[in-house]
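Undergrad: So I've got this file, protein.pdb, and it contains PDB, N, CA and C atoms:
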```
ATOM      1  N   MET A   1       0.855  -1.175   0.000
ATOM      2  CA  MET A   1       0.000   0.000   0.000
ATOM      3  C   MET A   1       0.895   1.231   0.000
ATOM      4  N   SER A   2       0.582   2.162  -0.843
ATOM      5  CA  SER A   2       1.366   3.392  -0.970
ATOM      6  C   SER A   2       1.200   4.269   0.259
ATOM      7  N   GLN A   3       2.306   4.882   0.660
ATOM      8  CA  GLN A   3       2.287   5.816   1.776
ATOM      9  C   GLN A   3       2.735   7.168   1.263
ATOM     10  N   GLN A   4       2.111   8.227   1.774
ATOM     11  CA  GLN A   4       2.408   9.575   1.295
ATOM     12  C   GLN A   4       2.525  10.523   2.483
ATOM     13  N   SER A   5       3.412  11.475   2.345
ATOM     14  CA  SER A   5       3.489  12.535   3.348
ATOM     15  C   SER A   5       2.444  13.594   3.019
ATOM     16  N   VAL A   6       2.142  14.432   4.000
ATOM     17  CA  VAL A   6       1.187  15.514   3.778
ATOM     18  C   VAL A   6       1.687  16.412   2.648
ATOM     19  N   GLY A   7       2.997  16.681   2.627
ATOM     20  CA  GLY A   7       3.578  17.521   1.576
ATOM     21  C   GLY A   7       3.370  16.947   0.187
ATOM     22  N   ASN A   8       3.561  15.633   0.031
ATOM     23  CA  ASN A   8       3.348  14.995  -1.280
ATOM     24  C   ASN A   8       1.883  15.045  -1.688
ATOM     25  N   ILE A   9       0.993  14.787  -0.732
ATOM     26  CA  ILE A   9      -0.443  14.841  -1.027
ATOM     27  C   ILE A   9      -0.825  16.259  -1.427
ATOM     28  N   GLU A  10      -0.307  17.231  -0.700
ATOM     29  CA  GLU A  10      -0.574  18.644  -1.006
ATOM     30  C   GLU A  10      -0.159  18.985  -2.431
ATOM     31  N   LYS A  11       1.029  18.552  -2.831
ATOM     32  CA  LYS A  11       1.510  18.840  -4.194
ATOM     33  C   LYS A  11       0.637  18.166  -5.243
ATOM     34  N   GLN A  12       0.256  16.919  -5.004
ATOM     35  CA  GLN A  12      -0.553  16.190  -5.978
ATOM     36  C   GLN A  12      -1.938  16.798  -6.144
ATOM     37  N   LEU A  13      -2.517  17.271  -5.038
ATOM     38  CA  LEU A  13      -3.869  17.822  -5.097
ATOM     39  C   LEU A  13      -3.903  19.308  -5.403
ATOM     40  N   GLY A  14      -2.776  19.986  -5.235
ATOM     41  CA  GLY A  14      -2.746  21.423  -5.450
ATOM     42  C   GLY A  14      -3.580  22.174  -4.423
ATOM     43  N   MET A  15      -3.599  21.662  -3.218
ATOM     44  CA  MET A  15      -4.363  22.272  -2.129
ATOM     45  C   MET A  15      -3.404  22.750  -1.049
ATOM     46  N   PRO A  16      -3.810  23.749  -0.281
ATOM     47  CA  PRO A  16      -2.960  24.214   0.820
ATOM     48  C   PRO A  16      -2.766  23.122   1.876
ATOM     49  N   GLN A  17      -1.646  23.166   2.554
ATOM     50  CA  GLN A  17      -1.303  22.158   3.556
ATOM     51  C   GLN A  17      -2.353  22.084   4.663
ATOM     52  N   THR A  18      -2.870  23.224   5.097
ATOM     53  CA  THR A  18      -3.867  23.208   6.174
ATOM     54  C   THR A  18      -5.142  22.482   5.741
ATOM     55  N   THR A  19      -5.541  22.665   4.488
ATOM     56  CA  THR A  19      -6.737  21.994   3.968
ATOM     57  C   THR A  19      -6.512  20.491   3.889
ATOM     58  N   VAL A  20      -5.342  20.091   3.377
ATOM     59  CA  VAL A  20      -5.013  18.666   3.284
ATOM     60  C   VAL A  20      -4.997  18.055   4.676
ATOM     61  N   SER A  21      -4.387  18.736   5.629
ATOM     62  CA  SER A  21      -4.316  18.214   6.990
ATOM     63  C   SER A  21      -5.696  18.040   7.604
ATOM     64  N   LYS A  22      -6.592  18.999   7.378
ATOM     65  CA  LYS A  22      -7.957  18.898   7.904
ATOM     66  C   LYS A  22      -8.681  17.690   7.306
ATOM     67  N   HIS A  23      -8.545  17.517   5.991
ATOM     68  CA  HIS A  23      -9.202  16.381   5.340
ATOM     69  C   HIS A  23      -8.623  15.061   5.856
ATOM     70  N   LEU A  24      -7.318  15.006   5.997
ATOM     71  CA  LEU A  24      -6.690  13.780   6.484
ATOM     72  C   LEU A  24      -7.122  13.472   7.919
ATOM     73  N   ARG A  25      -7.292  14.492   8.733
ATOM     74  CA  ARG A  25      -7.750  14.291  10.109
ATOM     75  C   ARG A  25      -9.150  13.674  10.115
ATOM     76  N   VAL A  26     -10.024  14.181   9.255
ATOM     77  CA  VAL A  26     -11.388  13.636   9.163
ATOM     78  C   VAL A  26     -11.342  12.188   8.683
ATOM     79  N   LEU A  27     -10.542  11.921   7.658
ATOM     80  CA  LEU A  27     -10.415  10.555   7.139
ATOM     81  C   LEU A  27      -9.824   9.614   8.185
ATOM     82  N   LYS A  28      -8.878  10.115   8.965
ATOM     83  CA  LYS A  28      -8.263   9.296  10.019
ATOM     84  C   LYS A  28      -9.283   9.005  11.114
ATOM     85  N   ASN A  29     -10.042  10.029  11.535
ATOM     86  CA  ASN A  29     -11.060   9.824  12.565
ATOM     87  C   ASN A  29     -12.134   8.845  12.114
ATOM     88  N   ALA A  30     -12.417   8.816  10.810
ATOM     89  CA  ALA A  30     -13.411   7.897  10.256
ATOM     90  C   ALA A  30     -12.841   6.505  10.018
ATOM     91  N   GLY A  31     -11.526   6.355  10.166
ATOM     92  CA  GLY A  31     -10.897   5.049   9.994
ATOM     93  C   GLY A  31     -10.486   4.718   8.580
ATOM     94  N   PHE A  32     -10.517   5.692   7.680
ATOM     95  CA  PHE A  32     -10.159   5.431   6.282
ATOM     96  C   PHE A  32      -8.661   5.529   6.009
ATOM     97  N   VAL A  33      -7.937   6.262   6.831
ATOM     98  CA  VAL A  33      -6.486   6.353   6.688
ATOM     99  C   VAL A  33      -5.856   6.153   8.061
ATOM    100  N   GLU A  34      -4.585   5.790   8.044
ATOM    101  CA  GLU A  34      -3.817   5.720   9.275
ATOM    102  C   GLU A  34      -2.507   6.448   9.050
ATOM    103  N   SER A  35      -1.894   6.879  10.114
ATOM    104  CA  SER A  35      -0.667   7.659   9.972
ATOM    105  C   SER A  35       0.416   7.127  10.884
ATOM    106  N   THR A  36       1.643   7.354  10.455
ATOM    107  CA  THR A  36       2.821   7.074  11.266
ATOM    108  C   THR A  36       3.700   8.306  11.232
ATOM    109  N   VAL A  37       4.552   8.431  12.231
ATOM    110  CA  VAL A  37       5.457   9.573  12.293
ATOM    111  C   VAL A  37       6.829   9.110  11.837
ATOM    112  N   ASP A  38       7.425   9.879  10.920
ATOM    113  CA  ASP A  38       8.762   9.611  10.407
ATOM    114  C   ASP A  38       9.562  10.901  10.561
ATOM    115  N   ALA A  39      10.354  10.971  11.642
ATOM    116  CA  ALA A  39      11.107  12.186  11.980
ATOM    117  C   ALA A  39      10.143  13.350  12.148
ATOM    118  N   GLN A  40      10.222  14.344  11.271
ATOM    119  CA  GLN A  40       9.358  15.523  11.352
ATOM    120  C   GLN A  40       8.080  15.385  10.528
ATOM    121  N   ARG A  41       7.969  14.299   9.795
ATOM    122  CA  ARG A  41       6.834  14.147   8.873
ATOM    123  C   ARG A  41       5.828  13.130   9.375
ATOM    124  N   ARG A  42       4.600  13.352   9.002
ATOM    125  CA  ARG A  42       3.541  12.383   9.263
ATOM    126  C   ARG A  42       3.231  11.719   7.925
ATOM    127  N   ILE A  43       3.275  10.388   7.913
ATOM    128  CA  ILE A  43       3.054   9.607   6.696
ATOM    129  C   ILE A  43       1.673   8.947   6.794
ATOM    130  N   TYR A  44       0.894   9.077   5.720
ATOM    131  CA  TYR A  44      -0.467   8.535   5.694
ATOM    132  C   TYR A  44      -0.581   7.421   4.676
ATOM    133  N   ARG A  45      -1.447   6.481   4.983
ATOM    134  CA  ARG A  45      -1.784   5.427   4.019
ATOM    135  C   ARG A  45      -3.250   5.087   4.165
ATOM    136  N   LEU A  46      -3.864   4.713   3.040
ATOM    137  CA  LEU A  46      -5.270   4.293   3.049
ATOM    138  C   LEU A  46      -5.415   2.959   3.751
ATOM    139  N   ARG A  47      -6.505   2.804   4.443
ATOM    140  CA  ARG A  47      -6.887   1.518   5.024
ATOM    141  C   ARG A  47      -7.954   0.926   4.111
ATOM    142  N   PRO A  48      -7.675  -0.180   3.443
ATOM    143  CA  PRO A  48      -8.639  -0.713   2.475
ATOM    144  C   PRO A  48      -9.877  -1.346   3.112
ATOM    145  N   GLU A  49      -9.784  -1.806   4.356
ATOM    146  CA  GLU A  49     -10.902  -2.540   4.960
ATOM    147  C   GLU A  49     -12.211  -1.742   5.005
ATOM    148  N   PRO A  50     -12.207  -0.491   5.480
ATOM    149  CA  PRO A  50     -13.484   0.244   5.480
ATOM    150  C   PRO A  50     -14.046   0.465   4.079
ATOM    151  N   LEU A  51     -13.164   0.663   3.117
ATOM    152  CA  LEU A  51     -13.618   0.846   1.739
ATOM    153  C   LEU A  51     -14.198  -0.455   1.183
ATOM    154  N   GLN A  52     -13.618  -1.581   1.584
ATOM    155  CA  GLN A  52     -14.150  -2.878   1.152
ATOM    156  C   GLN A  52     -15.525  -3.132   1.767
ATOM    157  N   GLU A  53     -15.712  -2.695   3.026
ATOM    158  CA  GLU A  53     -17.016  -2.834   3.661
ATOM    159  C   GLU A  53     -18.069  -2.011   2.923
ATOM    160  N   ILE A  54     -17.712  -0.801   2.552
ATOM    161  CA  ILE A  54     -18.641   0.051   1.805
ATOM    162  C   ILE A  54     -18.966  -0.575   0.452
ATOM    163  N   ASP A  55     -17.937  -1.095  -0.216
ATOM    164  CA  ASP A  55     -18.138  -1.726  -1.517
ATOM    165  C   ASP A  55     -19.084  -2.917  -1.397
ATOM    166  N   ALA A  56     -18.902  -3.724  -0.351
ATOM    167  CA  ALA A  56     -19.781  -4.888  -0.145
ATOM    168  C   ALA A  56     -21.211  -4.435   0.144
ATOM    169  N   TRP A  57     -21.366  -3.369   0.916
ATOM    170  CA  TRP A  57     -22.697  -2.859   1.241
ATOM    171  C   TRP A  57     -23.398  -2.317  -0.003
ATOM    172  N   LEU A  58     -22.629  -1.691  -0.918
ATOM    173  CA  LEU A  58     -23.207  -1.110  -2.125
ATOM    174  C   LEU A  58     -23.509  -2.137  -3.215
ATOM    175  N   ALA A  59     -22.904  -3.322  -3.150
ATOM    176  CA  ALA A  59     -23.036  -4.324  -4.223
ATOM    177  C   ALA A  59     -24.488  -4.630  -4.591
ATOM    178  N   PRO A  60     -25.388  -4.900  -3.638
ATOM    179  CA  PRO A  60     -26.778  -5.199  -4.050
ATOM    180  C   PRO A  60     -27.454  -4.006  -4.729
ATOM    181  N   PHE A  61     -27.121  -2.808  -4.287
ATOM    182  CA  PHE A  61     -27.704  -1.619  -4.918
ATOM    183  C   PHE A  61     -27.205  -1.488  -6.356
ATOM    184  N   ARG A  62     -25.925  -1.749  -6.568
ATOM    185  CA  ARG A  62     -25.367  -1.703  -7.923
ATOM    186  C   ARG A  62     -26.060  -2.717  -8.817
ATOM    187  N   ARG A  63     -26.234  -3.942  -8.298
ATOM    188  CA  ARG A  63     -26.887  -4.995  -9.107
ATOM    189  C   ARG A  63     -28.308  -4.587  -9.470
ATOM    190  N   PHE A  64     -29.015  -3.951  -8.543
ATOM    191  CA  PHE A  64     -30.388  -3.533  -8.819
ATOM    192  C   PHE A  64     -30.428  -2.354  -9.774
ATOM    193  N   TRP A  65     -29.623  -1.324  -9.516
ATOM    194  CA  TRP A  65     -29.746  -0.068 -10.248
ATOM    195  C   TRP A  65     -29.009  -0.052 -11.586
ATOM    196  N   SER A  66     -27.975  -0.829 -11.749
ATOM    197  CA  SER A  66     -27.188  -0.777 -12.993
ATOM    198  C   SER A  66     -28.033  -0.984 -14.241
ATOM    199  N   PRO A  67     -28.877  -2.030 -14.298
ATOM    200  CA  PRO A  67     -29.687  -2.202 -15.520
ATOM    201  C   PRO A  67     -30.634  -1.020 -15.758
ATOM    202  N   HIS A  68     -31.201  -0.480 -14.688
ATOM    203  CA  HIS A  68     -32.130   0.646 -14.825
ATOM    204  C   HIS A  68     -31.408   1.905 -15.298
ATOM    205  N   LEU A  69     -30.246   2.152 -14.741
ATOM    206  CA  LEU A  69     -29.481   3.329 -15.160
ATOM    207  C   LEU A  69     -28.952   3.167 -16.572
ATOM    208  N   ASP A  70     -28.581   1.942 -16.949
ATOM    209  CA  ASP A  70     -28.155   1.689 -18.326
ATOM    210  C   ASP A  70     -29.301   1.949 -19.303
ATOM    211  N   ALA A  71     -30.524   1.514 -18.934
ATOM    212  CA  ALA A  71     -31.690   1.756 -19.789
ATOM    213  C   ALA A  71     -31.985   3.248 -19.895
ATOM    214  N   LEU A  72     -31.866   3.957 -18.793
ATOM    215  CA  LEU A  72     -32.065   5.406 -18.825
ATOM    216  C   LEU A  72     -31.032   6.071 -19.729
ATOM    217  N   GLU A  73     -29.787   5.639 -19.629
ATOM    218  CA  GLU A  73     -28.740   6.202 -20.491
ATOM    219  C   GLU A  73     -29.053   5.953 -21.967
ATOM    220  N   ARG A  74     -29.486   4.730 -22.294
ATOM    221  CA  ARG A  74     -29.840   4.428 -23.688
ATOM    222  C   ARG A  74     -30.993   5.310 -24.153
ATOM    223  N   HIS A  75     -31.994   5.493 -23.300
ATOM    224  CA  HIS A  75     -33.136   6.337 -23.647
ATOM    225  C   HIS A  75     -32.693   7.775 -23.885
ATOM    226  N   LEU A  76     -31.880   8.318 -22.997
ATOM    227  CA  LEU A  76     -31.409   9.695 -23.150
ATOM    228  C   LEU A  76     -30.541   9.842 -24.396
ATOM    229  N   ASP A  77     -29.722   8.828 -24.677
ATOM    230  CA  ASP A  77     -28.914   8.860 -25.900
ATOM    231  C   ASP A  77     -29.804   8.868 -27.136
ATOM    232  N   SER A  78     -30.883   8.086 -27.104
ATOM    233  CA  SER A  78     -31.779   8.061 -28.268
ATOM    234  C   SER A  78     -32.498   9.399 -28.416
ATOM    235  N   MET A  79     -32.843  10.043 -27.299
ATOM    236  CA  MET A  79     -33.466  11.373 -27.355
ATOM    237  C   MET A  79     -32.483  12.377 -27.960
ATOM    238  N   ASP A  80     -31.217  12.330 -27.520
ATOM    239  CA  ASP A  80     -30.197  13.213 -28.092
ATOM    240  C   ASP A  80     -30.051  12.970 -29.584
ATOM    241  N   SER A  81     -30.095  11.696 -29.961
ATOM    242  CA  SER A  81     -29.965  11.346 -31.374
ATOM    243  C   SER A  81     -31.118  11.928 -32.182
ATOM    244  N   LEU A  82     -32.329  11.807 -31.654
ATOM    245  CA  LEU A  82     -33.489  12.358 -32.359
ATOM    246  C   LEU A  82     -33.376  13.875 -32.476
ATOM    247  N   LEU A  83     -32.987  14.525 -31.414
ATOM    248  CA  LEU A  83     -32.865  15.978 -31.444
ATOM    249  C   LEU A  83     -31.772  16.428 -32.405
ATOM    250  N   SER A  84     -30.684  15.689 -32.452
ATOM    251  CA  SER A  84     -29.596  16.086 -33.346
ATOM    252  C   SER A  84     -29.951  15.834 -34.809
ATOM    253  N   GLN A  85     -30.896  14.917 -35.064
ATOM    254  CA  GLN A  85     -31.345  14.662 -36.432
ATOM    255  C   GLN A  85     -32.442  15.636 -36.831
ATOM    256  N   ASP A  86     -32.823  16.503 -35.922
ATOM    257  CA  ASP A  86     -33.829  17.531 -36.183
ATOM    258  C   ASP A  86     -35.188  16.924 -36.498
ATOM    259  N   ILE A  87     -35.489  15.809 -35.855
ATOM    260  CA  ILE A  87     -36.784  15.166 -36.060
ATOM    261  C   ILE A  87     -37.833  15.823 -35.181
ATOM    262  N   ALA A  88     -37.439  16.312 -34.036
ATOM    263  CA  ALA A  88     -38.395  16.932 -33.112
ATOM    264  C   ALA A  88     -38.922  18.220 -33.707
ATOM    265  N   PRO A  89     -40.195  18.532 -33.504
ATOM    266  CA  PRO A  89     -40.759  19.776 -34.040
ATOM    267  C   PRO A  89     -40.120  20.982 -33.362
ATOM    268  N   HIS A  90     -40.018  22.066 -34.119
ATOM    269  CA  HIS A  90     -39.406  23.288 -33.600
ATOM    270  C   HIS A  90     -40.387  24.112 -32.786
ATOM    271  N   HIS A  91     -41.663  24.004 -33.108
ATOM    272  CA  HIS A  91     -42.645  24.795 -32.384
ATOM    273  C   HIS A  91     -43.988  24.074 -32.429
ATOM    274  N   PHE A  92     -44.853  24.495 -31.569
ATOM    275  CA  PHE A  92     -46.179  23.921 -31.515
ATOM    276  C   PHE A  92     -47.176  25.026 -31.833
ATOM    277  N   THR A  93     -48.259  24.679 -32.498
ATOM    278  CA  THR A  93     -49.312  25.662 -32.742
ATOM    279  C   THR A  93     -50.544  25.231 -31.959
ATOM    280  N   ILE A  94     -51.221  26.204 -31.412
ATOM    281  CA  ILE A  94     -52.431  25.938 -30.654
ATOM    282  C   ILE A  94     -53.584  26.564 -31.418
ATOM    283  N   GLU A  95     -54.556  25.750 -31.754
ATOM    284  CA  GLU A  95     -55.706  26.259 -32.491
ATOM    285  C   GLU A  95     -56.812  26.557 -31.500
ATOM    286  N   HIS A  96     -57.475  27.695 -31.694
ATOM    287  CA  HIS A  96     -58.585  28.097 -30.840
ATOM    288  C   HIS A  96     -59.872  27.975 -31.641
ATOM    289  N   ASP A  97     -60.902  27.596 -30.970
ATOM    290  CA  ASP A  97     -62.215  27.581 -31.586
ATOM    291  C   ASP A  97     -62.755  28.996 -31.565
ATOM    292  N   LYS A  98     -62.774  29.645 -32.723
ATOM    293  CA  LYS A  98     -63.163  31.048 -32.791
ATOM    294  C   LYS A  98     -64.621  31.266 -32.436
ATOM    295  N   GLY A  99     -65.428  30.231 -32.537
ATOM    296  CA  GLY A  99     -66.828  30.351 -32.219
ATOM    297  C   GLY A  99     -67.053  30.629 -30.729
ATOM    298  N   GLU A 100     -66.154  30.148 -29.880
ATOM    299  CA  GLU A 100     -66.317  30.350 -28.450
ATOM    300  C   GLU A 100     -66.089  31.794 -28.033
ATOM    301  N   ARG A 101     -65.323  32.548 -28.785
ATOM    302  CA  ARG A 101     -65.002  33.934 -28.428
ATOM    303  C   ARG A 101     -66.122  34.889 -28.763
ATOM    304  N   GLU A 102     -66.944  34.521 -29.674
ATOM    305  CA  GLU A 102     -67.994  35.443 -30.132
ATOM    306  C   GLU A 102     -69.133  35.520 -29.180
TER     307      GLU A 102
END
```
Would you give me this structure, written as structure tokens?
TA:
Amino acid sequence: MSQQSVGNIEKQLGMPQTTVSKHLRVLKNAGFVESTVDAQRRIYRLRPEPLQEIDAWLAPFRRFWSPHLDALERHLDSMDSLLSQDIAPHHFTIEHDKGERE
């Protein structure tokens, strides 16, 4: 498992050190990362176990929703295709019964 210092994470994310440290503290308190001290630096690494638990919990939802979301994507793609082919009408006309106004 890869280990990174706060400085390396900061450079990779392009975020200020204080922001990275705050996020890492939250992740550590939640059990997603752990840290060790190396001289003056704190080294962080991801803990895969909590992420694996989340993945296992989400699996039934993925199995249920994936086909539905795939069908929705196909439907939206077909709508885009129709619109790009200019098949959809540009405007609607509403006819009034002139006899009712008199």
Undergrad: Could you go through chain A and tell me which residues DSSP, when run on the backbone, assigns to alpha helix (DSSP H), listing them as an NGL selection string?
TA: :A and (6-13 or 17-29 or 48-84 or 98-101)
Undergrad: Considering only strand (DSSP E or B) as DSSP defines it on the backbone, what residues of chain A qualify? List them as a PyMOL selection string.
TA: chain A and resi 3-5+33-38+41-46
Undergrad: For the atom pair atom C of Ser5 of chain A and atom C of Arg41 of chain A, what is the interatomic distance in Å to one decimal place?
TA: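 Interatomic distance here is 7.2 Å.
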Undergrad: What is the distance, in Å and to one decimal place, between atom CA of Asn8 of chain A and atom N of Arg45 of chain A?
TA: 11.6 Å
Undergrad: Measuring between only N, CA and C atoms, which one of A:Leu46, A:Val6, A:Ala59, A:Leu72 shows the shortest distance to Val33 of chain A?
TA: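 That would be A:Leu46, the residue with the smallest distance to Val33 of chain A.
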Undergrad: Measure the distance from atom N of Arg42 of chain A to atom N of Gly7 of chain A in Å and round it to one decimal.
TA: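 These two atoms are separated by 7.4 Å.
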Undergrad: When distances are computed from only C-alpha atoms, which of A:Ser2, A:Tyr44, A:Ser66, A:Asp38 shows the smallest separation from Ser21 of chain A?
TA: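 So, comparing all the options, the nearest one is A:Tyr44.
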Undergrad: Find, counting only C-alpha atoms, the residue in A:Ile54, A:Arg74, A:Val20, A:Gln4 that gets nearest to Glu34 of chain A.
TA: A:Gln4
Undergrad: When distances are computed from only C-alpha atoms, which of A:Gln12, A:Ser81, A:Asp70, A:Phe32 shows the smallest separation from Glu49 of chain A?
TA: A:Phe32
